[in-house]
$ cat input-v8.csv   # CSV, C-alpha atoms and all ligand atoms
chain,number,residue,atom,x,y,z
A,3,MET,CA,-23.4,-10.0,-1.0
A,4,THR,CA,-24.6,-6.8,0.7
A,5,HIS,CA,-22.4,-5.6,3.5
A,6,VAL,CA,-24.3,-5.1,6.7
A,7,PRO,CA,-22.5,-2.7,9.0
A,8,VAL,CA,-21.9,-4.0,12.5
A,9,THR,CA,-20.7,-1.5,15.1
A,10,ARG,CA,-20.4,-1.7,18.9
A,11,PHE,CA,-20.4,0.6,21.9
A,12,ALA,CA,-18.0,-1.0,24.4
A,13,PRO,CA,-18.0,0.9,27.8
A,14,SER,CA,-16.1,-0.2,30.9
A,15,PRO,CA,-18.3,0.1,33.9
A,16,THR,CA,-15.8,1.8,36.2
A,17,GLY,CA,-18.2,4.7,36.8
A,18,TYR,CA,-21.6,6.0,35.8
A,19,LEU,CA,-22.5,6.9,32.3
A,20,HIS,CA,-21.4,10.4,31.2
A,21,LEU,CA,-21.9,12.5,28.1
A,22,GLY,CA,-18.6,11.2,26.6
A,23,HIS,CA,-20.2,7.7,26.6
A,24,VAL,CA,-23.4,9.2,25.0
A,25,VAL,CA,-21.3,10.5,22.2
A,26,SER,CA,-19.6,7.1,21.6
A,27,ALA,CA,-22.9,5.2,21.8
A,28,VAL,CA,-24.7,7.6,19.4
A,29,HIS,CA,-21.8,7.6,17.0
A,30,ALA,CA,-21.8,3.7,16.9
A,31,GLN,CA,-25.5,3.6,16.5
A,32,LYS,CA,-25.4,6.2,13.7
A,33,THR,CA,-22.6,4.4,11.9
A,34,ALA,CA,-24.6,1.2,11.9
A,35,GLY,CA,-27.5,3.0,10.4
A,36,PRO,CA,-31.0,1.7,10.1
A,37,LEU,CA,-30.0,-1.5,8.3
A,38,GLY,CA,-26.9,-2.3,10.3
A,39,ARG,CA,-26.4,-4.0,13.7
A,40,PHE,CA,-25.5,-1.9,16.7
A,41,LEU,CA,-24.1,-4.0,19.6
A,42,VAL,CA,-23.3,-3.1,23.2
A,43,ARG,CA,-20.4,-4.9,24.9
A,44,ILE,CA,-19.5,-4.6,28.6
A,45,GLU,CA,-15.7,-4.4,29.0
A,46,ASP,CA,-15.4,-5.5,32.6
A,47,ILE,CA,-12.2,-7.5,32.7
A,48,ASP,CA,-11.0,-5.4,35.6
A,49,THR,CA,-13.3,-6.9,38.2
A,50,THR,CA,-12.0,-4.7,41.0
A,51,ARG,CA,-12.9,-1.5,39.3
A,52,CYS,CA,-16.0,-2.7,37.3
A,53,THR,CA,-18.7,-3.8,39.7
A,54,PRO,CA,-22.1,-5.5,39.0
A,55,GLU,CA,-23.8,-2.4,40.5
A,56,LEU,CA,-22.1,-0.1,38.0
A,57,THR,CA,-22.9,-2.5,35.1
A,58,ASP,CA,-26.6,-2.5,36.1
A,59,ALA,CA,-26.6,1.3,36.3
A,60,LEU,CA,-24.9,1.6,32.9
A,61,ARG,CA,-27.5,-0.7,31.4
A,62,GLU,CA,-30.4,1.2,33.0
A,63,ASP,CA,-29.1,4.6,31.8
A,64,LEU,CA,-28.5,3.3,28.3
A,65,GLN,CA,-32.0,1.8,28.2
A,66,TRP,CA,-33.5,5.1,29.3
A,67,LEU,CA,-31.6,6.8,26.5
A,68,GLY,CA,-32.8,4.2,24.0
A,69,LEU,CA,-29.1,3.2,23.4
A,70,TRP,CA,-29.2,-0.4,24.6
A,71,SER,CA,-28.7,-3.0,22.0
A,72,ALA,CA,-31.6,-5.3,21.0
A,73,LYS,CA,-28.9,-8.0,20.3
A,74,PRO,CA,-27.4,-10.1,23.1
A,75,VAL,CA,-24.8,-8.2,25.1
A,76,LEU,CA,-21.4,-9.7,25.5
A,77,GLN,CA,-19.9,-9.2,29.0
A,78,GLN,CA,-16.1,-9.8,28.9
A,79,SER,CA,-15.8,-11.1,32.4
A,80,GLN,CA,-17.8,-14.1,31.3
A,81,HIS,CA,-15.3,-15.0,28.6
A,82,MET,CA,-12.0,-15.1,30.4
A,83,GLY,CA,-11.3,-18.7,29.1
A,84,ALA,CA,-11.5,-17.6,25.5
A,85,TYR,CA,-8.9,-14.8,26.1
A,86,ALA,CA,-6.6,-17.2,28.0
A,87,ALA,CA,-6.8,-19.5,25.0
A,88,VAL,CA,-5.5,-16.8,22.7
A,89,LEU,CA,-2.7,-16.0,25.1
A,90,ASP,CA,-1.8,-19.7,25.1
A,91,HIS,CA,-1.8,-19.8,21.4
A,92,LEU,CA,0.6,-16.8,21.1
A,93,ARG,CA,2.8,-18.3,23.8
A,94,GLN,CA,3.1,-21.5,21.9
A,95,ARG,CA,4.2,-19.4,18.9
A,96,LYS,CA,6.9,-17.9,21.1
A,97,LEU,CA,5.5,-14.4,20.6
A,98,LEU,CA,5.0,-13.7,24.3
A,99,TYR,CA,7.4,-13.7,27.2
A,100,PRO,CA,6.9,-13.4,31.0
A,101,CYS,CA,7.8,-10.1,32.6
A,102,PHE,CA,8.5,-9.7,36.3
A,103,CYS,CA,9.3,-6.0,36.3
A,104,THR,CA,7.5,-3.7,38.7
A,105,ARG,CA,6.6,-0.2,37.6
A,106,SER,CA,9.6,1.2,39.4
A,107,ASP,CA,11.9,-1.4,37.7
A,108,ILE,CA,10.6,-0.2,34.4
A,109,ALA,CA,11.0,3.5,35.3
A,110,ALA,CA,14.6,2.9,36.4
A,111,ALA,CA,15.6,1.0,33.3
A,112,ALA,CA,13.6,3.0,30.7
A,113,SER,CA,15.4,5.1,28.2
A,114,GLY,CA,12.8,7.8,28.3
A,115,GLN,CA,11.4,6.7,24.9
A,116,GLN,CA,7.6,7.3,24.7
A,117,ALA,CA,5.1,5.2,22.8
A,118,PRO,CA,2.6,6.9,20.5
A,119,ASP,CA,0.0,6.8,23.3
A,120,GLY,CA,2.3,8.6,25.7
A,121,SER,CA,3.2,5.5,27.7
A,122,THR,CA,6.8,4.5,28.5
A,123,VAL,CA,8.3,2.0,26.1
A,124,TYR,CA,9.3,-1.2,28.0
A,125,PRO,CA,13.1,-1.4,28.1
A,126,GLY,CA,13.1,-5.2,27.4
A,127,THR,CA,14.6,-6.3,30.7
A,128,CYS,CA,12.8,-9.7,30.8
A,129,ARG,CA,13.0,-10.4,27.0
A,130,SER,CA,16.1,-12.6,27.4
A,131,GLY,CA,14.2,-15.0,29.7
A,132,ALA,CA,14.7,-14.0,33.3
A,133,PHE,CA,12.5,-16.1,35.6
A,134,ASP,CA,11.3,-15.0,39.1
A,135,HIS,CA,9.2,-17.8,40.6
A,136,SER,CA,8.2,-15.6,43.6
A,137,ARG,CA,5.6,-13.6,41.7
A,138,ALA,CA,3.1,-13.9,38.9
A,139,PRO,CA,4.3,-12.5,35.6
A,140,ALA,CA,2.7,-10.2,33.1
A,141,TRP,CA,2.9,-11.5,29.5
A,142,ARG,CA,4.4,-9.2,26.9
A,143,LEU,CA,4.3,-9.4,23.2
A,144,ASP,CA,7.7,-9.6,21.6
A,145,MET,CA,6.9,-6.8,19.1
A,146,GLU,CA,10.0,-7.3,16.9
A,147,ARG,CA,9.3,-11.0,16.5
A,148,ALA,CA,5.6,-10.3,15.9
A,149,LEU,CA,6.4,-7.7,13.2
A,150,ASN,CA,8.9,-10.0,11.6
A,151,GLU,CA,6.3,-12.8,11.5
A,152,ILE,CA,3.7,-10.6,9.8
A,153,GLN,CA,6.3,-8.9,7.6
A,154,GLY,CA,5.9,-5.3,8.5
A,155,VAL,CA,3.8,-2.8,10.5
A,156,PRO,CA,0.1,-3.0,9.5
A,157,SER,CA,-1.8,0.0,8.5
A,158,TRP,CA,-5.6,0.5,8.9
A,159,TYR,CA,-8.5,2.1,7.1
A,160,GLU,CA,-9.7,5.2,8.9
A,161,ALA,CA,-13.1,6.4,7.6
A,162,GLY,CA,-12.8,9.8,6.0
A,163,HIS,CA,-9.0,9.6,5.8
A,164,GLY,CA,-8.3,6.4,3.9
A,165,ARG,CA,-5.4,4.1,4.8
A,166,VAL,CA,-3.2,5.4,7.6
A,167,ALA,CA,0.2,4.1,8.6
A,168,GLY,CA,0.5,2.0,11.8
A,169,ARG,CA,3.1,2.8,14.4
A,170,ALA,CA,3.2,-0.6,16.2
A,171,ASP,CA,7.0,-0.6,16.0
A,172,GLU,CA,7.1,2.4,18.3
A,173,PHE,CA,5.2,0.8,21.1
A,174,GLY,CA,7.8,-1.8,22.1
A,175,ASP,CA,6.7,-5.0,23.9
A,176,VAL,CA,3.2,-4.2,25.1
A,177,VAL,CA,1.4,-6.2,27.9
A,178,LEU,CA,-1.2,-8.7,26.5
A,179,GLY,CA,-1.7,-10.6,29.8
A,180,ARG,CA,-1.8,-8.3,32.8
A,181,ARG,CA,-0.4,-9.6,36.1
A,182,ASP,CA,-3.6,-8.8,38.0
A,183,THR,CA,-6.4,-9.8,35.6
A,184,GLY,CA,-4.5,-12.2,33.4
A,185,VAL,CA,-5.7,-10.5,30.2
A,186,SER,CA,-5.6,-7.0,28.7
A,187,TYR,CA,-7.7,-4.5,26.9
A,188,HIS,CA,-5.8,-5.0,23.6
A,189,LEU,CA,-6.3,-8.7,23.6
A,190,CYS,CA,-10.0,-8.8,24.6
A,191,VAL,CA,-11.1,-5.9,22.3
A,192,THR,CA,-9.6,-7.5,19.2
A,193,HIS,CA,-10.8,-11.0,20.1
A,194,ASP,CA,-14.3,-9.7,20.6
A,195,ASP,CA,-14.5,-7.5,17.6
A,196,ALA,CA,-13.6,-10.5,15.5
A,197,LEU,CA,-15.9,-12.8,17.4
A,198,GLN,CA,-18.8,-10.4,17.0
A,199,GLY,CA,-18.2,-9.7,13.3
A,200,VAL,CA,-17.7,-5.9,13.9
A,201,THR,CA,-17.1,-4.3,10.6
A,202,CYS,CA,-16.5,-0.7,11.8
A,203,VAL,CA,-14.9,0.0,15.2
A,204,THR,CA,-16.1,3.4,16.4
A,205,ARG,CA,-14.6,4.9,19.5
A,206,GLY,CA,-13.0,8.0,20.9
A,207,GLN,CA,-9.8,9.7,19.5
A,208,ASP,CA,-8.1,8.8,22.8
A,209,LEU,CA,-7.8,5.2,21.5
A,210,TYR,CA,-6.5,6.1,18.0
A,211,ALA,CA,-2.9,5.2,18.8
A,212,ALA,CA,-4.0,1.8,20.2
A,213,THR,CA,-5.3,0.8,16.8
A,214,SER,CA,-1.7,0.1,15.7
A,215,ILE,CA,-1.4,-2.6,18.3
A,216,HIS,CA,-4.9,-4.0,17.5
A,217,ARG,CA,-3.9,-4.4,13.8
A,218,VAL,CA,-0.9,-6.4,14.8
A,219,LEU,CA,-3.0,-8.8,16.8
A,220,GLN,CA,-5.6,-9.1,14.1
A,221,THR,CA,-2.9,-9.9,11.5
A,222,LEU,CA,-1.1,-12.4,13.8
A,223,MET,CA,-4.5,-14.2,14.6
A,224,LYS,CA,-5.8,-13.9,11.0
A,225,TRP,CA,-8.9,-12.1,12.3
A,226,PRO,CA,-10.7,-9.9,9.8
A,227,GLU,CA,-9.7,-6.3,9.5
A,228,PRO,CA,-12.5,-3.9,10.5
A,229,GLU,CA,-12.6,-0.3,9.4
A,230,TYR,CA,-12.1,2.4,12.1
A,231,ARG,CA,-13.9,5.6,12.8
A,232,HIS,CA,-12.5,7.6,15.8
A,233,HIS,CA,-14.7,10.4,17.0
A,234,ALA,CA,-14.0,13.7,18.7
A,235,LEU,CA,-14.0,13.8,22.5
A,236,ILE,CA,-15.8,16.0,25.0
A,237,LEU,CA,-13.1,17.9,26.8
A,238,ASP,CA,-13.3,19.5,30.2
A,239,LYS,CA,-12.2,23.1,30.9
A,240,SER,CA,-8.5,22.1,31.2
A,241,GLY,CA,-8.6,20.3,27.8
A,242,LYS,CA,-8.7,16.8,29.3
A,243,LYS,CA,-11.1,14.0,28.3
A,244,LEU,CA,-14.2,13.8,30.5
A,245,SER,CA,-13.6,11.2,33.2
A,246,LYS,CA,-16.1,9.1,35.2
A,247,ARG,CA,-15.7,11.5,38.1
A,248,ASP,CA,-17.1,14.5,36.4
A,249,GLY,CA,-20.5,14.6,38.1
A,250,ALA,CA,-22.0,17.6,36.2
A,251,GLU,CA,-21.8,15.6,32.9
A,252,GLY,CA,-23.2,12.4,34.4
A,253,VAL,CA,-26.4,11.1,32.9
A,254,ARG,CA,-27.8,10.2,36.3
A,255,ALA,CA,-27.2,13.7,37.6
A,256,LEU,CA,-28.9,15.2,34.6
A,257,ARG,CA,-31.8,12.8,34.9
A,258,ALA,CA,-32.2,13.7,38.6
A,259,MET,CA,-32.3,17.4,37.6
A,260,GLY,CA,-35.3,16.6,35.3
A,261,TRP,CA,-33.6,16.4,32.0
A,262,SER,CA,-35.4,14.1,29.4
A,263,ALA,CA,-33.6,11.5,27.4
A,264,ASP,CA,-34.0,13.7,24.4
A,265,ASP,CA,-32.5,16.7,26.2
A,266,VAL,CA,-29.4,14.5,27.1
A,267,LEU,CA,-29.1,13.2,23.5
A,268,THR,CA,-29.1,16.8,22.2
A,269,HIS,CA,-26.9,18.3,25.0
A,270,PRO,CA,-24.7,21.0,23.3
A,271,LEU,CA,-21.5,19.1,24.3
A,272,VAL,CA,-22.8,15.9,22.7
A,273,THR,CA,-24.0,17.7,19.5
A,274,LYS,CA,-20.6,19.5,19.2
A,275,ALA,CA,-18.6,16.3,19.5
A,276,LEU,CA,-20.8,14.5,17.0
A,277,THR,CA,-20.6,17.4,14.6
A,278,GLU,CA,-16.8,17.4,14.8
A,279,SER,CA,-16.6,13.7,14.2
B,1,LIG,N1,-13.8,-0.1,27.0
B,1,LIG,C1,-13.1,1.0,26.4
B,1,LIG,C2,-13.4,2.3,27.2
B,1,LIG,O1,-14.4,2.3,28.0
B,1,LIG,C3,-13.4,1.3,25.0
B,1,LIG,C4,-12.9,0.2,24.1
B,1,LIG,C5,-13.0,0.4,22.6
B,1,LIG,O2,-14.0,1.0,22.2
B,1,LIG,O3,-12.2,-0.1,21.9
B,1,LIG,O4,-12.7,3.2,27.1

$ encode --input "input-v8.csv" --output "structure tokens" --more "lines below"
Ligand code: GLU
Amino acid sequence: MTHVPVTRFAPSPTGYLHLGHVVSAVHAQKTAGPLGRFLVRIEDIDTTRCTPELTDALREDLQWLGLWSAKPVLQQSQHMGAYAAVLDHLRQRKLLYPCFCTRSDIAAAASGQQAPDGSTVYPGTCRSGAFDHSRAPAWRLDMERALNEIQGVPSWYEAGHGRVAGRADEFGDVVLGRRDTGVSYHLCVTHDDALQGVTCVTRGQDLYAATSIHRVLQTLMKWPEPEYRHHALILDKSGKKLSKRDGAEGVRALRAMGWSADDVLTHPLVTKALTES
């Protein structure tokens, strides 16, 4: 059977489209190639930050650039029930526990240990089953139990590098169900990549570390293992990743200044990031 590559561009509409998004979308489209399937997925589980107006603006800018997918677009906010079902399933397997800690509780109890993505490792305060009925909990993955169940830390295949070692054991008990939205990025992204048959996950280097967590979820849920291809980022003058607030690199701003879609697609910053990827 021939293997048809399936890739996706999965923006969160928390701001307008910028050149960093353009790199991700072009990278995904190129990886799919002329015979593959390129999908767009709207990651809008955080309905306070992702508004319908921003989603419309994102779609319009992507259409203008010719980077909108011909295939149906999955919008995560429409699938909250499916994500809740995965959480229920993991809860039944006793792989999740409720956590009532506030940010300051965590900061006070933390040992100073940092996860591979730079976040604070949860000190495990609620792991023993504390229950505070006065507030809604977040749901954390019991990482040690999960890794025991799948018998080790899963690796992944990074295009151009081969198999790389995972570091899930260094993350501690990550949140899979946020207190505010009920779900989490890690949960939704792995669920949808499996649902949509994504064969190659393309995204920025900033999400490289998160792949370790995604591989744990895929293994626990017996979802297929995709290949990964993390691309170079466009950095601002201080060396930080472009953020949604950087107006000068916004596609809308460039459009308003008379840039054509082709000019944007071949912007030197876009070309540089794609060449380095
Ligand atoms: N929605 C994520 C973002 O906008 C990207 C998720 C992914 O590609 O895995 O940063």

$ closest_residue --input "input-v8.csv" --among "A:Gly184, A:Gly68, A:Gly206, A:Pro226" --to "ligand LIG 1 (chain B)" --atoms "all atoms listed in the file"
A:Gly206

$ closest_atom_pairs --input "input-v8.csv" --of "chain A" --to "ligand LIG 1 (chain B)" --cutoff "6 Å" --atoms "all atoms listed in the file" --output "tab-separated table"
residue	atom	partner	partner_atom	distance
A:Ala12	CA	B:LIG1	O2	5.0
A:Pro13	CA	B:LIG1	O1	3.9
A:Ser14	CA	B:LIG1	O1	4.2
A:Glu45	CA	B:LIG1	N1	5.1
A:Val191	CA	B:LIG1	O3	5.9
A:Arg205	CA	B:LIG1	O2	4.8

$ write_last_selection --input "input-v8.csv" --atoms "C-alpha atoms" --output "PDB file, in the coordinates of the input"
ATOM      1  CA  ALA A  12     -18.000  -1.000  24.400  1.00  0.00           C
ATOM      2  CA  PRO A  13     -18.000   0.900  27.800  1.00  0.00           C
ATOM      3  CA  SER A  14     -16.100  -0.200  30.900  1.00  0.00           C
ATOM      4  CA  GLU A  45     -15.700  -4.400  29.000  1.00  0.00           C
ATOM      5  CA  VAL A 191     -11.100  -5.900  22.300  1.00  0.00           C
ATOM      6  CA  ARG A 205     -14.600   4.900  19.500  1.00  0.00           C
TER       7      ARG A 205
END

$ atom_distance --input "input-v8.csv" --atom1 "CA of Ala27 in chain A" --atom2 "CA of Asp58 in chain A"
16.7 Å

$ atom_distance --input "input-v8.csv" --atom1 "CA of Arg180 in chain A" --atom2 "CA of Thr127 in chain A"
16.7 Å

$ closest_residue --input "input-v8.csv" --among "A:Lys239, A:His91, A:Arg169, A:Arg231" --to "Asp119 in chain A" --atoms "all atoms listed in the file"
A:Arg169

$ atom_distance --input "input-v8.csv" --atom1 "CA of Val28 in chain A" --atom2 "CA of Val272 in chain A"
9.1 Å
